[in-house]
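Trainee: Structure provided below as structure tokens; questions to follow.
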Amino acid sequence: MFNDVFLSGRLGKLEHLQLRGDPETDNCCCYFDVASSYYSKTTEEQYTDWIHCKAWGKQAKRFVNNAAEGMFVEVKGRLKNEKYNDQERTYVIVTGFRFYKTAPRSENTESIEMNGDELDKNEF
């Protein structure tokens, strides 16, 4: 079975974006939401799904240091259900992400890619 998720959209409010845990030992995580919008063919209305994401370790630190509200992002990861205090949520556990300075509408769009193979490179 495969559990791969590819998600693209804009970052939501980042007022609560912070590292949780111990950043010195990379035993930390961050939570963020991505808005994915689509149009209904039948009603011609726009709908938005808010997808909860969770990043760990060095990826979480880089995400917190470089994310901005409303920024276009592509996220690669896997789905995971978590239950805490009788509340169940589905998260995308991030394995890689890419920020865009603008939405990718042309070939000239500059992007910044982060994945597990390039964590030691300083791309920013």
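The way I read the labels, and the way they are meant: chains A, B, ... in the order of the structure tokens, residue 1 as the first residue of every chain, and ligand 1 as the first ligand shown, with later ones counted on from there.
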What parts of chain A does DSSP call alpha helix (DSSP H)? I'd like the answer as a list in words.
Mentor: Gly57, Lys58, Gln59, Ala60, Lys61, Arg62, Phe63, Val64, Asn65 and Asn66 of chain A
Trainee: Neighbouring residues of region 42-56 of chain A were defined as those with any atom within 6 Å, considering only C-alpha atoms; residues of the same chain fewer than 2 positions away were excluded. Please report them as number ranges by chain.
Mentor: A: 28-40, 59-60, 91-94
Trainee: Could you write those residues out with N, CA and C atoms, as a CSV table (one decimal), in the first residue's frame?
Mentor:
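Final output, result-v1.csv:
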chain,number,residue,atom,x,y,z
A,28,CYS,N,11.8,18.4,17.4
A,28,CYS,CA,10.8,19.4,17.5
A,28,CYS,C,9.9,19.2,16.3
A,29,CYS,N,8.7,19.9,16.4
A,29,CYS,CA,7.8,19.9,15.3
A,29,CYS,C,7.1,21.2,15.2
A,30,CYS,N,6.4,21.4,14.1
A,30,CYS,CA,5.5,22.6,13.9
A,30,CYS,C,4.3,22.2,13.1
A,31,TYR,N,3.2,22.9,13.4
A,31,TYR,CA,1.9,22.6,12.7
A,31,TYR,C,1.6,23.8,11.8
A,32,PHE,N,1.0,23.6,10.7
A,32,PHE,CA,0.5,24.7,9.8
A,32,PHE,C,-0.6,24.1,9.0
A,33,ASP,N,-1.4,25.0,8.4
A,33,ASP,CA,-2.5,24.7,7.6
A,33,ASP,C,-2.3,25.2,6.1
A,34,VAL,N,-2.7,24.4,5.2
A,34,VAL,CA,-2.6,24.8,3.8
A,34,VAL,C,-4.0,24.9,3.2
A,35,ALA,N,-4.3,26.0,2.5
A,35,ALA,CA,-5.7,26.2,1.9
A,35,ALA,C,-5.6,25.7,0.5
A,36,SER,N,-6.4,24.7,0.1
A,36,SER,CA,-6.5,24.3,-1.2
A,36,SER,C,-7.9,24.6,-1.8
A,37,SER,N,-7.9,25.4,-2.8
A,37,SER,CA,-9.2,25.9,-3.3
A,37,SER,C,-9.6,25.2,-4.6
A,38,TYR,N,-10.8,25.1,-4.9
A,38,TYR,CA,-11.3,24.5,-6.1
A,38,TYR,C,-12.7,25.1,-6.4
A,39,TYR,N,-13.1,25.0,-7.7
A,39,TYR,CA,-14.4,25.4,-8.1
A,39,TYR,C,-15.3,24.2,-8.4
A,40,SER,N,-16.6,24.4,-8.0
A,40,SER,CA,-17.6,23.4,-8.3
A,40,SER,C,-18.1,23.6,-9.7
A,59,GLN,N,13.3,20.0,9.0
A,59,GLN,CA,12.3,20.6,8.2
A,59,GLN,C,11.4,21.6,8.9
A,60,ALA,N,11.1,21.2,10.1
A,60,ALA,CA,10.2,22.1,10.9
A,60,ALA,C,10.9,23.4,11.2
A,91,TYR,N,-3.6,14.4,9.7
A,91,TYR,CA,-2.5,15.3,9.3
A,91,TYR,C,-1.8,14.8,8.1
A,92,VAL,N,-1.1,15.7,7.4
A,92,VAL,CA,-0.1,15.3,6.4
A,92,VAL,C,1.2,15.5,7.1
A,93,ILE,N,1.9,14.3,7.3
A,93,ILE,CA,3.2,14.4,7.9
A,93,ILE,C,4.2,14.7,6.8
A,94,VAL,N,4.8,15.9,6.9
A,94,VAL,CA,5.6,16.4,5.8
A,94,VAL,C,7.0,15.7,5.6
Trainee: Please return, as a PyMOL selection string, all residues of region 52-82 of chain A that DSSP assigns to strand (DSSP E or B) on the basis of the backbone.
Mentor: chain A and resi 52-56+72-82
Trainee: May I have the residues from that selection written out with C-alpha atoms, as a compact mmCIF listing (two decimals), in the first residue's frame?
Mentor:
# COMPACT_ATOMS: atom_id res chain seq x y z
CA HIS A 52 -3.54 20.27 8.55
CA CYS A 53 0.18 19.57 8.19
CA LYS A 54 2.94 18.63 10.63
CA ALA A 55 6.70 18.90 10.02
CA TRP A 56 9.46 17.43 12.20
CA PHE A 72 2.20 29.45 -2.06
CA VAL A 73 3.60 26.08 -0.98
CA GLU A 74 3.77 22.54 -2.30
CA VAL A 75 3.92 19.81 0.33
CA LYS A 76 4.86 16.16 -0.05
CA GLY A 77 4.10 13.73 2.75
CA ARG A 78 1.89 10.97 4.07
CA LEU A 79 -1.45 10.91 5.82
CA LYS A 80 -1.69 10.03 9.49
CA ASN A 81 -4.66 9.94 11.85
CA GLU A 82 -3.96 11.11 15.40
Trainee: Report as a PyMOL selection string all protein, DNA and RNA residues lying within 12 Å of Ala67 (chain A), evaluated on only C-alpha atoms, omitting residues in the same chain fewer than 2 positions from it.
Mentor: chain A and resi 10-15+17-18+30-34+59-65+69-73+97-101+112+124
Trainee: Could you tell me how far CA of Arg89 (chain A) lies from CA of Asn66 (chain A), in Å and to one decimal?
Mentor: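 For CA of Arg89 (chain A) relative to CA of Asn66 (chain A), the distance reads 25.7 Å.
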Trainee: So what do you get for CA of Ser8 (chain A) versus CA of Asn27 (chain A), distance-wise?
Mentor: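 Straight-line distance from CA of Ser8 (chain A) to CA of Asn27 (chain A) works out to 26.2 Å.
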Trainee: Could you tell me which of A:Gly57, A:Lys41, A:Leu7, A:Gln87 comes closest to Gly21 (chain A) if we count only C-alpha atoms?
Mentor: A:Gly57
